[in-house]
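Visitor: My structure file upload_15.txt, compact mmCIF, C-alpha atoms (C1' of nucleotides), is below:
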# COMPACT_ATOMS: atom_id res chain seq x y z
CA MET A 279 29.64 -0.20 -32.07
CA PRO A 280 31.02 2.85 -30.34
CA ASN A 281 27.69 4.25 -29.22
CA ASP A 282 24.67 2.15 -28.42
CA VAL A 283 22.53 4.94 -27.06
CA GLY A 284 20.19 4.48 -29.99
CA HIS A 285 19.72 0.80 -29.23
CA GLU A 286 19.09 1.54 -25.59
CA ILE A 287 16.43 4.10 -26.33
CA ALA A 288 14.90 1.92 -29.02
CA ASP A 289 14.56 -0.99 -26.63
CA ALA A 290 13.07 1.16 -23.92
CA LEU A 291 10.57 2.72 -26.30
CA GLY A 292 9.72 -0.69 -27.65
CA THR A 293 8.74 -2.15 -24.32
CA LEU A 294 6.98 1.05 -23.39
CA LEU A 295 4.87 1.04 -26.53
CA LYS A 296 4.24 -2.67 -26.17
CA ARG A 297 2.68 -2.08 -22.79
CA SER A 298 0.76 1.00 -23.76
CA THR A 299 -0.76 -0.38 -26.92
CA ARG A 300 -2.10 -3.18 -24.81
CA GLU A 301 -4.28 -0.33 -23.52
CA GLN A 302 -3.27 -1.18 -19.99
CA ILE A 303 -2.51 2.43 -19.23
CA HIS A 304 -5.76 3.89 -20.42
CA ARG A 305 -7.77 1.09 -18.96
CA ARG A 306 -6.26 1.61 -15.56
CA LEU A 307 -6.67 5.36 -15.72
CA THR A 308 -10.17 5.56 -17.07
CA GLU A 309 -11.75 3.04 -14.76
CA GLY A 310 -14.47 4.62 -12.70
CA LEU A 311 -15.09 7.33 -15.25
CA GLY A 312 -17.91 5.52 -16.97
CA GLU A 313 -17.73 3.16 -19.87
CA ALA A 314 -17.72 5.92 -22.46
CA VAL A 315 -14.16 6.99 -21.76
CA ASP A 316 -12.00 4.20 -23.08
CA GLU A 317 -8.68 4.28 -24.83
CA VAL A 318 -10.47 4.96 -28.11
CA THR A 319 -12.48 7.98 -27.09
CA TYR A 320 -9.79 9.40 -24.87
CA PRO A 321 -7.85 11.23 -27.58
CA VAL A 322 -10.97 13.13 -28.60
CA LEU A 323 -11.52 14.46 -25.10
CA SER A 324 -7.84 15.16 -24.64
CA GLY A 325 -7.60 17.08 -27.90
CA LEU A 326 -10.67 19.11 -27.12
CA ALA A 327 -9.40 19.95 -23.66
CA ARG A 328 -6.15 21.16 -25.16
CA THR A 329 -7.52 23.40 -27.89
CA GLY A 330 -11.04 24.25 -26.84
CA PRO A 331 -14.15 23.82 -29.01
CA ARG A 332 -13.21 22.62 -32.42
CA SER A 333 -14.59 21.11 -35.59
CA ALA A 334 -14.37 17.43 -36.39
CA ALA A 335 -11.98 17.98 -39.27
CA GLY A 336 -9.53 19.88 -37.12
CA LEU A 337 -9.55 17.19 -34.48
CA ALA A 338 -9.10 14.51 -37.10
CA ASP A 339 -6.00 16.25 -38.40
CA GLU A 340 -4.53 16.52 -34.95
CA ILE A 341 -5.28 12.98 -33.87
CA GLY A 342 -4.21 11.58 -37.20
CA LEU A 343 -7.47 9.81 -37.76
CA ASP A 344 -10.14 9.78 -40.40
CA ARG A 345 -12.92 12.31 -39.99
CA SER A 346 -15.51 9.56 -39.79
CA GLY A 347 -13.80 8.10 -36.77
CA VAL A 348 -13.98 11.40 -34.97
CA THR A 349 -17.64 11.67 -35.81
CA ARG A 350 -18.42 8.24 -34.39
CA ARG A 351 -16.45 8.78 -31.22
CA ALA A 352 -18.03 12.17 -30.77
CA THR A 353 -21.45 10.57 -31.08
CA ARG A 354 -20.57 8.08 -28.38
CA LEU A 355 -19.24 10.76 -26.08
CA GLU A 356 -22.28 12.90 -26.76
CA GLU A 357 -24.58 10.06 -25.70
CA ALA A 358 -22.53 9.76 -22.53
CA GLY A 359 -23.03 13.44 -21.82
CA LEU A 360 -19.35 14.32 -21.95
CA LEU A 361 -19.48 16.26 -25.19
CA SER A 362 -22.02 18.42 -26.98
CA ARG A 363 -22.36 19.45 -30.60
CA GLU A 364 -23.06 23.14 -30.94
CA PRO A 365 -23.57 24.92 -34.23
CA ASP A 366 -20.77 27.19 -35.27
CA PRO A 367 -22.19 30.72 -35.15
CA GLY A 368 -19.97 31.81 -38.01
CA ASP A 369 -20.56 28.80 -40.27
CA ARG A 370 -23.94 27.15 -40.16
CA ARG A 371 -22.79 23.88 -41.74
CA ALA A 372 -20.05 23.36 -39.18
CA THR A 373 -20.69 21.88 -35.73
CA LEU A 374 -18.28 22.68 -32.97
CA LEU A 375 -17.44 19.82 -30.65
CA THR A 376 -17.51 21.19 -27.14
CA LEU A 377 -16.81 19.52 -23.83
CA THR A 378 -19.56 19.61 -21.27
CA GLU A 379 -18.78 20.27 -17.65
CA ALA A 380 -18.81 16.52 -17.05
CA GLY A 381 -16.38 16.06 -19.92
CA ARG A 382 -14.01 18.67 -18.59
CA GLN A 383 -14.16 17.07 -15.18
CA ALA A 384 -13.54 13.60 -16.61
CA ILE A 385 -10.47 14.60 -18.56
CA GLU A 386 -9.14 16.60 -15.66
CA THR A 387 -9.59 13.66 -13.31
CA THR A 388 -7.69 11.34 -15.62
CA ARG A 389 -4.94 13.87 -16.05
CA GLN A 390 -4.53 14.28 -12.32
CA ARG A 391 -4.62 10.55 -11.78
CA LEU A 392 -2.01 9.90 -14.46
CA ALA A 393 0.30 12.58 -13.11
CA ALA A 394 -0.05 11.26 -9.58
CA HIS A 395 0.63 7.74 -10.76
CA ILE A 396 3.79 8.82 -12.50
CA GLU A 397 4.99 10.93 -9.62
CA ASP A 398 4.38 8.11 -7.18
CA SER A 399 6.60 5.76 -9.11
CA LEU A 400 9.24 8.46 -9.41
CA ALA A 401 9.23 9.24 -5.70
CA ALA A 402 12.36 7.17 -5.16
CA TRP A 403 14.31 9.18 -7.69
CA PRO A 404 16.48 12.06 -6.65
CA PRO A 405 14.18 15.05 -7.18
CA GLY A 406 16.54 16.94 -9.42
CA GLU A 407 17.04 13.88 -11.59
CA ALA A 408 13.31 13.38 -12.07
CA ARG A 409 12.94 16.97 -13.11
CA ALA A 410 15.82 16.73 -15.55
CA PHE A 411 14.39 13.56 -16.99
CA ALA A 412 11.01 15.21 -17.53
CA ARG A 413 12.64 18.10 -19.33
CA GLN A 414 14.76 15.83 -21.50
CA LEU A 415 11.81 13.64 -22.33
CA HIS A 416 9.91 16.70 -23.39
CA ARG A 417 12.74 17.80 -25.62
CA PHE A 418 13.06 14.30 -27.01
CA VAL A 419 9.42 14.25 -28.01
CA ASP A 420 9.43 17.75 -29.44
CA HIS A 421 12.71 17.85 -31.31
CA GLY A 422 13.66 14.18 -31.40
CA PRO A 423 12.94 11.53 -33.99
CA PHE A 424 9.39 10.90 -35.19
CA THR A 425 8.51 14.57 -35.27
CA SER A 426 7.15 14.13 -38.73
CA MET B 125 0.68 22.42 -7.56
CA PRO B 126 4.17 22.25 -6.18
CA ASN B 127 5.45 19.63 -8.60
CA ASP B 128 4.19 19.20 -12.13
CA VAL B 129 6.77 16.68 -13.23
CA GLY B 130 4.00 14.12 -13.56
CA HIS B 131 2.01 16.34 -15.90
CA GLU B 132 5.07 17.07 -17.96
CA ILE B 133 5.90 13.42 -18.41
CA ALA B 134 2.28 12.54 -19.02
CA ASP B 135 1.99 15.10 -21.80
CA ALA B 136 5.21 13.96 -23.42
CA LEU B 137 4.18 10.32 -23.29
CA GLY B 138 0.78 11.21 -24.64
CA THR B 139 2.09 12.87 -27.77
CA LEU B 140 4.70 10.17 -28.17
CA LEU B 141 2.15 7.38 -28.03
CA LYS B 142 -0.19 9.32 -30.27
CA ARG B 143 2.45 9.40 -32.97
CA SER B 144 3.60 5.85 -32.53
CA THR B 145 0.21 4.20 -32.50
CA ARG B 146 -0.40 5.83 -35.83
CA GLU B 147 2.17 3.20 -36.87
CA GLN B 148 4.28 5.92 -38.37
CA ILE B 149 7.38 4.59 -36.69
CA HIS B 150 7.07 1.00 -37.81
CA ARG B 151 5.96 1.99 -41.26
CA ARG B 152 8.95 4.19 -41.73
CA LEU B 153 11.32 1.61 -40.37
CA THR B 154 10.01 -1.46 -42.12
CA GLU B 155 9.75 0.00 -45.59
CA GLY B 156 11.98 -1.85 -47.97
CA LEU B 157 11.96 -5.03 -45.93
CA GLY B 158 9.16 -6.65 -47.86
CA GLU B 159 5.47 -6.47 -47.22
CA ALA B 160 5.48 -9.23 -44.63
CA VAL B 161 7.17 -7.14 -41.93
CA ASP B 162 4.62 -4.59 -40.89
CA GLU B 163 3.85 -3.15 -37.50
CA VAL B 164 1.68 -6.16 -36.77
CA THR B 165 4.20 -8.90 -37.42
CA TYR B 166 7.12 -6.95 -36.04
CA PRO B 167 6.64 -7.90 -32.39
CA VAL B 168 6.79 -11.59 -33.28
CA LEU B 169 10.16 -11.21 -34.97
CA SER B 170 11.43 -8.95 -32.25
CA GLY B 171 10.41 -11.33 -29.49
CA LEU B 172 11.96 -14.29 -31.26
CA ALA B 173 15.20 -12.42 -31.83
CA ARG B 174 15.35 -11.59 -28.13
CA THR B 175 14.71 -15.03 -26.70
CA GLY B 176 15.60 -17.47 -29.45
CA PRO B 177 13.35 -20.28 -30.71
CA ARG B 178 10.17 -20.42 -28.72
CA SER B 179 6.67 -21.82 -28.67
CA ALA B 180 3.65 -19.83 -29.71
CA ALA B 181 2.24 -19.79 -26.20
CA GLY B 182 5.39 -18.30 -24.74
CA LEU B 183 5.50 -15.60 -27.36
CA ALA B 184 1.85 -14.82 -26.80
CA ASP B 185 2.47 -14.32 -23.12
CA GLU B 186 5.37 -11.99 -23.75
CA ILE B 187 3.67 -9.94 -26.44
CA GLY B 188 0.45 -9.81 -24.48
CA LEU B 189 -1.60 -11.21 -27.34
CA ASP B 190 -3.88 -14.12 -27.85
CA ARG B 191 -2.22 -17.33 -28.96
CA SER B 192 -4.31 -17.39 -32.13
CA GLY B 193 -2.89 -14.06 -33.16
CA VAL B 194 0.64 -15.36 -32.81
CA THR B 195 -0.27 -18.37 -34.89
CA ARG B 196 -1.67 -16.26 -37.70
CA ARG B 197 1.25 -13.86 -37.74
CA ALA B 198 3.68 -16.75 -37.66
CA THR B 199 1.92 -18.24 -40.67
CA ARG B 200 2.29 -15.01 -42.56
CA LEU B 201 5.94 -14.72 -41.65
CA GLU B 202 6.50 -18.34 -42.56
CA GLU B 203 5.06 -17.75 -46.02
CA ALA B 204 7.41 -14.80 -46.38
CA GLY B 205 10.35 -17.02 -45.51
CA LEU B 206 11.33 -15.09 -42.40
CA LEU B 207 10.29 -17.76 -39.92
CA SER B 208 10.14 -21.53 -39.84
CA ARG B 209 8.19 -23.96 -37.68
CA GLU B 210 10.35 -26.77 -36.40
CA PRO B 211 9.12 -29.60 -34.24
CA ASP B 212 10.26 -29.53 -30.66
CA PRO B 213 12.56 -32.54 -30.19
CA GLY B 214 11.49 -32.93 -26.58
CA ASP B 215 7.74 -32.54 -27.10
CA ARG B 216 6.31 -33.79 -30.34
CA ARG B 217 3.10 -31.79 -30.08
CA ALA B 218 4.93 -28.47 -29.70
CA THR B 219 6.34 -26.52 -32.66
CA LEU B 220 9.16 -24.14 -32.05
CA LEU B 221 9.02 -20.86 -33.92
CA THR B 222 12.48 -20.19 -35.29
CA LEU B 223 13.83 -17.27 -37.28
CA THR B 224 15.38 -18.07 -40.61
CA GLU B 225 18.53 -16.33 -41.70
CA ALA B 226 16.40 -13.86 -43.67
CA GLY B 227 14.32 -13.19 -40.57
CA ARG B 228 17.38 -12.56 -38.44
CA GLN B 229 18.74 -10.23 -41.05
CA ALA B 230 15.43 -8.37 -41.35
CA ILE B 231 15.08 -7.77 -37.65
CA GLU B 232 18.70 -6.75 -37.39
CA THR B 233 18.34 -4.29 -40.24
CA THR B 234 15.35 -2.64 -38.64
CA ARG B 235 17.09 -2.48 -35.29
CA GLN B 236 20.14 -0.81 -36.79
CA ARG B 237 17.98 1.57 -38.77
CA LEU B 238 15.94 2.54 -35.73
CA ALA B 239 19.03 3.09 -33.62
CA ALA B 240 20.65 5.18 -36.32
CA HIS B 241 17.51 7.23 -36.71
CA ILE B 242 17.37 7.96 -33.02
CA GLU B 243 21.06 8.75 -32.75
CA ASP B 244 20.85 11.09 -35.71
CA SER B 245 18.17 13.15 -34.08
CA LEU B 246 20.15 13.18 -30.85
CA ALA B 247 23.35 14.29 -32.48
CA ALA B 248 22.80 17.88 -31.39
CA TRP B 249 22.58 16.89 -27.73
CA PRO B 250 25.58 17.05 -25.48
CA PRO B 251 26.86 13.47 -25.59
CA GLY B 252 26.82 12.96 -21.87
CA GLU B 253 23.29 14.21 -21.66
CA ALA B 254 22.05 11.83 -24.31
CA ARG B 255 23.66 8.95 -22.50
CA ALA B 256 22.13 9.97 -19.19
CA PHE B 257 18.76 10.32 -20.82
CA ALA B 258 18.99 6.84 -22.29
CA ARG B 259 19.83 5.39 -18.90
CA GLN B 260 17.03 7.26 -17.18
CA LEU B 261 14.55 6.24 -19.83
CA HIS B 262 15.58 2.65 -19.34
CA ARG B 263 15.08 2.91 -15.61
CA PHE B 264 11.77 4.66 -16.13
CA VAL B 265 10.50 1.82 -18.27
CA ASP B 266 11.81 -0.90 -16.00
CA HIS B 267 11.00 0.42 -12.56
CA GLY B 268 8.63 3.26 -13.37
CA PRO B 269 4.86 3.30 -13.66
CA PHE B 270 3.06 0.80 -15.86
CA THR B 271 5.32 -2.05 -14.83
CA SER B 272 2.24 -4.16 -14.36
C1' DG C 99 -1.62 -50.66 -18.46
C1' DC C 100 -5.37 -48.01 -19.55
C1' DA C 101 -8.67 -44.15 -18.99
C1' DT C 102 -8.83 -39.36 -17.99
C1' DA C 103 -7.10 -34.74 -17.63
C1' DT C 104 -3.96 -31.37 -19.36
C1' DT C 105 -1.17 -28.94 -22.63
C1' DG C 106 -0.03 -27.10 -27.20
C1' DC C 107 -1.79 -25.81 -31.92
C1' DG C 108 -4.59 -24.47 -35.57
C1' DT C 109 -9.08 -22.62 -37.21
C1' DG C 110 -13.79 -20.77 -37.61
C1' DC C 111 -16.64 -17.26 -35.78
C1' DC C 112 -17.93 -12.75 -34.24
C1' DC C 113 -17.04 -8.02 -32.67
C1' DC C 114 -15.15 -3.70 -33.47
C1' DG C 115 -12.09 0.01 -35.10
C1' DC C 116 -11.02 2.33 -39.22
C1' DG C 117 -10.54 4.06 -44.02
C1' DC C 118 -13.18 4.91 -48.30
C1' DA C 119 -16.85 6.70 -50.80
C1' DC C 120 -21.29 8.59 -51.22
C1' DG C 121 -25.04 11.94 -50.33
C1' DC C 122 -26.52 16.13 -48.23
C1' DT C 123 -26.27 20.99 -46.77
C1' DA C 124 -24.15 25.40 -46.64
C1' DA C 125 -20.73 28.66 -48.02
C1' DT C 126 -17.79 30.61 -51.65
C1' DC C 127 -16.40 31.63 -56.36
C1' DT C 128 -17.23 33.23 -61.23
C1' DA D 89 -27.70 32.36 -60.34
C1' DG D 90 -24.98 28.21 -61.38
C1' DA D 91 -20.84 25.81 -60.18
C1' DT D 92 -17.38 24.51 -57.03
C1' DT D 93 -15.67 23.67 -52.52
C1' DA D 94 -15.87 22.73 -47.57
C1' DG D 95 -17.94 20.36 -43.55
C1' DC D 96 -20.72 16.36 -41.77
C1' DG D 97 -22.86 12.03 -41.20
C1' DT D 98 -23.41 7.14 -42.74
C1' DG D 99 -23.15 2.52 -45.23
C1' DC D 100 -19.71 -0.69 -46.65
C1' DG D 101 -15.72 -3.68 -46.68
C1' DC D 102 -11.26 -4.93 -44.69
C1' DG D 103 -8.50 -6.48 -41.14
C1' DG D 104 -6.91 -7.22 -36.24
C1' DG D 105 -8.04 -9.65 -32.06
C1' DG D 106 -10.47 -12.50 -28.56
C1' DC D 107 -13.22 -16.80 -27.74
C1' DA D 108 -14.21 -21.45 -28.24
C1' DC D 109 -13.93 -25.68 -30.47
C1' DG D 110 -11.53 -29.82 -32.33
C1' DC D 111 -7.34 -32.54 -32.76
C1' DA D 112 -2.92 -34.52 -31.43
C1' DA D 113 0.43 -35.56 -27.76
C1' DT D 114 1.83 -35.76 -23.06
C1' DA D 115 1.10 -36.22 -18.08
C1' DT D 116 -1.58 -38.16 -14.33
C1' DG D 117 -4.59 -41.28 -11.55
C1' DC D 118 -6.35 -45.83 -10.51
Would you encode the structure as structure tokens?

Guide:
Amino acid sequence: MPNDVGHEIADALGTLLKRSTREQIHRRLTEGLGEAVDEVTYPVLSGLARTGPRSAAGLADEIGLDRSGVTRRATRLEEAGLLSREPDPGDRRATLLTLTEAGRQAIETTRQRLAAHIEDSLAAWPPGEARAFARQLHRFVDHGPFTS
Amino acid sequence: MPNDVGHEIADALGTLLKRSTREQIHRRLTEGLGEAVDEVTYPVLSGLARTGPRSAAGLADEIGLDRSGVTRRATRLEEAGLLSREPDPGDRRATLLTLTEAGRQAIETTRQRLAAHIEDSLAAWPPGEARAFARQLHRFVDHGPFTS
DNA sequence: GCATATTGCGTGCCCCGCGCACGCTAATCT
DNA sequence: AGATTAGCGTGCGCGGGGCACGCAATATGC
């Protein structure tokens, strides 16, 4: 085997996914935000924060989930006061999912906390190396494998 | 914000996990290996291949799953002929989970396929850069955040 | 040496996430 | 105007996963 870069990356991604799917990341990051924001409802908030008010179907496409799942999670978040359903002014059958101020604050807090957590653990790295790694990771995710 | 490396990495990891948890990776990699090797049973095979014959409790600890889950997955894999339960010679109550030759071949095939897939998509990178990225990713996973 | 505690497995039970399908309303097409 | 399509919400069944129990085998205490 002349080049085992693929194996190296595969192993690293494997252990990384193994830890993340155990929801340890989200659990650690969302603690103190209220019980409504768990690793299940997080993608809904995150997607909304990224694209602004949006319909359930659009979010479902982006998250890669069934529309019913988005509906249920939205209901839960709505009861928690982090999300509100507002009628689409242009289409009266559609309901736009919109973050409330509390929702925006919650997602922003988690984002800041996650970034700080990552930067803390990267403090020992040479600063230029950390920056290069971030850029390469970004490229890997955008143009790498699994960009189905 | 003087340094947004954390945000960059967080975003990249977010999209990466979003794609992977949708089991798209495992589904793509395990197709053609028989129905028994799905994204659920894969960690059992992978863990066994890494550490050799092992008890269910040990595997459960490593995977981060309940022991009952390991038992059920092992049963499924055993029925598929990829795994065998052999009594521990030193402890007659324990049963060592052991990969059969078919199991070893299956896990090896998926590993090769995954590595090839990754290397293909990294073919356009400067070779030194890809290697450096692999090493940094490895370090990130080992000594980075989330090393609970 | 025997009774008790501990360890390792397997299994039944329950919860919950998720996809599917149905019904309903509103918008669009002919 | 009637038919078709798009957007939602909800009931249902399936399957993964944790918890607890029972059983067998080993280790420990008296």

Visitor: Within 10 Å of range 102-108 of chain D, counting all atoms listed in the file, which residues qualify if same-chain residues fewer than 3 places away don't, as a list in words?

Guide: Val164, Leu189, Asp190, Arg191, Ser192 and Gly193 of chain B; DG110, DC111, DC112, DC113, DC114, DG115, DC116 and DG117 of chain C

Visitor: Chain B near chain C within 8 Å: what's each residue's closest atom pair and its distance in Å to one decimal, counting only C-alpha atoms (C1' of nucleotides), ordered by chain then ascending residue number, as JSON lines?

Guide:
{"residue": "B:Ala181", "atom": "CA", "partner": "C:DG106", "partner_atom": "C1'", "distance": 7.7}
{"residue": "B:Ser192", "atom": "CA", "partner": "C:DG108", "partner_atom": "C1'", "distance": 7.9}
{"residue": "B:Thr195", "atom": "CA", "partner": "C:DG108", "partner_atom": "C1'", "distance": 7.5}
{"residue": "B:Arg217", "atom": "CA", "partner": "C:DG106", "partner_atom": "C1'", "distance": 6.3}
{"residue": "B:Ala218", "atom": "CA", "partner": "C:DG106", "partner_atom": "C1'", "distance": 5.7}

Visitor: Could you please determine the separation between CA of Leu157 in chain B and CA of Arg178 in chain B in Å, to one decimal place?

Guide: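 CA of Arg178 in chain B lies 23.2 Å from CA of Leu157 in chain B.
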
Visitor: Tell me the residues of chain D close to chain A, meaning within 10 Å using only C-alpha atoms (C1' of nucleotides), as a VMD selection string.

Guide: chain D and resid 94 to 98

Visitor: Would you write out those residues with C-alpha atoms (C1' of nucleotides), as a CSV table (one decimal), keeping the file's coordinate frame?

Guide:
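In the end it all went to again29.csv:
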chain,number,residue,atom,x,y,z
D,94,DA,C1',-15.9,22.7,-47.6
D,95,DG,C1',-17.9,20.4,-43.6
D,96,DC,C1',-20.7,16.4,-41.8
D,97,DG,C1',-22.9,12.0,-41.2
D,98,DT,C1',-23.4,7.1,-42.7

Visitor: Provide as a PyMOL selection string the residues of chain A at most 6 Å from chain B, counting only C-alpha atoms.

Guide: chain A and resi 284-285+287+290+393+396-397+399+412+416+422-423

Visitor: With C-alpha atoms retained, export the selected residues as an mmCIF file, in the frame of the given file.

Guide:
data_model
loop_
_atom_site.group_PDB
_atom_site.id
_atom_site.type_symbol
_atom_site.label_atom_id
_atom_site.label_comp_id
_atom_site.auth_asym_id
_atom_site.auth_seq_id
_atom_site.Cartn_x
_atom_site.Cartn_y
_atom_site.Cartn_z
ATOM 1 C CA GLY A 284 20.190 4.480 -29.990
ATOM 2 C CA HIS A 285 19.720 0.800 -29.230
ATOM 3 C CA ILE A 287 16.430 4.100 -26.330
ATOM 4 C CA ALA A 290 13.070 1.160 -23.920
ATOM 5 C CA ALA A 393 0.300 12.580 -13.110
ATOM 6 C CA ILE A 396 3.790 8.820 -12.500
ATOM 7 C CA GLU A 397 4.990 10.930 -9.620
ATOM 8 C CA SER A 399 6.600 5.760 -9.110
ATOM 9 C CA ALA A 412 11.010 15.210 -17.530
ATOM 10 C CA HIS A 416 9.910 16.700 -23.390
ATOM 11 C CA GLY A 422 13.660 14.180 -31.400
ATOM 12 C CA PRO A 423 12.940 11.530 -33.990
#

Visitor: Fit chain B to chain A: least squares, all C-alpha atoms, paired in order; write the output as a compact mmCIF listing (two decimals) with C-alpha atoms, in the frame of the given file.

Guide:
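What ended up in part21.txt:
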# COMPACT_ATOMS: atom_id res chain seq x y z
CA MET B 125 29.83 -0.13 -31.96
CA PRO B 126 31.17 2.93 -30.24
CA ASN B 127 27.81 4.31 -29.16
CA ASP B 128 24.80 2.19 -28.37
CA VAL B 129 22.63 4.96 -27.01
CA GLY B 130 20.30 4.47 -29.96
CA HIS B 131 19.84 0.79 -29.18
CA GLU B 132 19.24 1.53 -25.54
CA ILE B 133 16.56 4.07 -26.29
CA ALA B 134 15.05 1.88 -28.97
CA ASP B 135 14.72 -1.04 -26.58
CA ALA B 136 13.20 1.12 -23.88
CA LEU B 137 10.70 2.64 -26.28
CA GLY B 138 9.88 -0.77 -27.63
CA THR B 139 8.90 -2.23 -24.28
CA LEU B 140 7.12 0.98 -23.36
CA LEU B 141 5.01 0.97 -26.49
CA LYS B 142 4.39 -2.74 -26.14
CA ARG B 143 2.82 -2.17 -22.75
CA SER B 144 0.90 0.92 -23.70
CA THR B 145 -0.64 -0.38 -26.89
CA ARG B 146 -2.03 -3.21 -24.84
CA GLU B 147 -4.23 -0.35 -23.57
CA GLN B 148 -3.21 -1.19 -20.05
CA ILE B 149 -2.48 2.43 -19.29
CA HIS B 150 -5.76 3.87 -20.48
CA ARG B 151 -7.74 1.04 -19.00
CA ARG B 152 -6.21 1.55 -15.63
CA LEU B 153 -6.65 5.28 -15.76
CA THR B 154 -10.17 5.46 -17.11
CA GLU B 155 -11.74 2.92 -14.81
CA GLY B 156 -14.42 4.50 -12.73
CA LEU B 157 -15.09 7.26 -15.22
CA GLY B 158 -17.95 5.49 -16.92
CA GLU B 159 -17.85 3.17 -19.85
CA ALA B 160 -17.83 5.94 -22.43
CA VAL B 161 -14.24 7.00 -21.74
CA ASP B 162 -12.09 4.21 -23.04
CA GLU B 163 -8.76 4.29 -24.78
CA VAL B 164 -10.54 4.93 -28.05
CA THR B 165 -12.54 7.99 -27.07
CA TYR B 166 -9.84 9.40 -24.85
CA PRO B 167 -7.89 11.22 -27.56
CA VAL B 168 -11.01 13.14 -28.58
CA LEU B 169 -11.54 14.46 -25.07
CA SER B 170 -7.88 15.15 -24.62
CA GLY B 171 -7.61 17.07 -27.87
CA LEU B 172 -10.70 19.12 -27.09
CA ALA B 173 -9.43 19.95 -23.63
CA ARG B 174 -6.16 21.16 -25.14
CA THR B 175 -7.53 23.39 -27.86
CA GLY B 176 -11.06 24.26 -26.81
CA PRO B 177 -14.16 23.86 -28.99
CA ARG B 178 -13.23 22.65 -32.42
CA SER B 179 -14.59 21.14 -35.59
CA ALA B 180 -14.39 17.46 -36.35
CA ALA B 181 -12.00 18.00 -39.23
CA GLY B 182 -9.53 19.87 -37.08
CA LEU B 183 -9.59 17.21 -34.43
CA ALA B 184 -9.13 14.51 -37.03
CA ASP B 185 -6.04 16.23 -38.33
CA GLU B 186 -4.55 16.53 -34.88
CA ILE B 187 -5.34 13.00 -33.78
CA GLY B 188 -4.25 11.59 -37.10
CA LEU B 189 -7.54 9.80 -37.67
CA ASP B 190 -10.17 9.76 -40.31
CA ARG B 191 -12.93 12.32 -39.92
CA SER B 192 -15.54 9.57 -39.76
CA GLY B 193 -13.85 8.10 -36.73
CA VAL B 194 -14.02 11.42 -34.93
CA THR B 195 -17.68 11.69 -35.78
CA ARG B 196 -18.48 8.27 -34.38
CA ARG B 197 -16.50 8.81 -31.20
CA ALA B 198 -18.08 12.21 -30.74
CA THR B 199 -21.50 10.60 -31.05
CA ARG B 200 -20.64 8.11 -28.37
CA LEU B 201 -19.31 10.80 -26.08
CA GLU B 202 -22.34 12.94 -26.77
CA GLU B 203 -24.65 10.12 -25.70
CA ALA B 204 -22.61 9.80 -22.52
CA GLY B 205 -23.09 13.49 -21.83
CA LEU B 206 -19.41 14.35 -21.94
CA LEU B 207 -19.54 16.31 -25.18
CA SER B 208 -22.05 18.48 -26.97
CA ARG B 209 -22.38 19.54 -30.60
CA GLU B 210 -23.07 23.23 -30.94
CA PRO B 211 -23.57 25.02 -34.22
CA ASP B 212 -20.77 27.30 -35.28
CA PRO B 213 -22.17 30.85 -35.18
CA GLY B 214 -19.95 31.92 -38.05
CA ASP B 215 -20.55 28.92 -40.32
CA ARG B 216 -23.93 27.30 -40.17
CA ARG B 217 -22.81 24.04 -41.76
CA ALA B 218 -20.06 23.47 -39.19
CA THR B 219 -20.70 21.99 -35.74
CA LEU B 220 -18.29 22.74 -32.99
CA LEU B 221 -17.45 19.89 -30.66
CA THR B 222 -17.54 21.24 -27.13
CA LEU B 223 -16.84 19.55 -23.82
CA THR B 224 -19.59 19.64 -21.26
CA GLU B 225 -18.80 20.27 -17.64
CA ALA B 226 -18.84 16.50 -17.05
CA GLY B 227 -16.40 16.03 -19.93
CA ARG B 228 -14.03 18.65 -18.58
CA GLN B 229 -14.18 17.06 -15.18
CA ALA B 230 -13.57 13.58 -16.61
CA ILE B 231 -10.53 14.59 -18.58
CA GLU B 232 -9.18 16.54 -15.65
CA THR B 233 -9.63 13.60 -13.32
CA THR B 234 -7.74 11.29 -15.62
CA ARG B 235 -4.98 13.82 -16.08
CA GLN B 236 -4.54 14.24 -12.34
CA ARG B 237 -4.65 10.51 -11.81
CA LEU B 238 -2.06 9.86 -14.49
CA ALA B 239 0.25 12.54 -13.15
CA ALA B 240 -0.09 11.22 -9.62
CA HIS B 241 0.60 7.71 -10.79
CA ILE B 242 3.76 8.77 -12.55
CA GLU B 243 4.97 10.92 -9.68
CA ASP B 244 4.37 8.11 -7.23
CA SER B 245 6.60 5.77 -9.14
CA LEU B 246 9.22 8.49 -9.42
CA ALA B 247 9.20 9.29 -5.75
CA ALA B 248 12.35 7.25 -5.17
CA TRP B 249 14.31 9.27 -7.72
CA PRO B 250 16.44 12.18 -6.68
CA PRO B 251 14.11 15.13 -7.25
CA GLY B 252 16.46 17.02 -9.49
CA GLU B 253 16.99 13.98 -11.62
CA ALA B 254 13.30 13.41 -12.13
CA ARG B 255 12.88 16.99 -13.19
CA ALA B 256 15.77 16.78 -15.62
CA PHE B 257 14.39 13.59 -17.04
CA ALA B 258 11.00 15.18 -17.60
CA ARG B 259 12.59 18.08 -19.44
CA GLN B 260 14.74 15.81 -21.57
CA LEU B 261 11.80 13.59 -22.39
CA HIS B 262 9.87 16.64 -23.47
CA ARG B 263 12.69 17.76 -25.72
CA PHE B 264 13.06 14.25 -27.07
CA VAL B 265 9.42 14.16 -28.09
CA ASP B 266 9.40 17.64 -29.54
CA HIS B 267 12.69 17.80 -31.39
CA GLY B 268 13.71 14.15 -31.43
CA PRO B 269 13.04 11.45 -33.99
CA PHE B 270 9.52 10.77 -35.21
CA THR B 271 8.63 14.44 -35.36
CA SER B 272 7.15 13.81 -38.76

Visitor: CA of Pro177 in chain B and C1' of DC111 in chain D, how far apart in Å?

Guide: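 Result for C1' of DC111 in chain D versus CA of Pro177 in chain B: 24.1 Å, one decimal.
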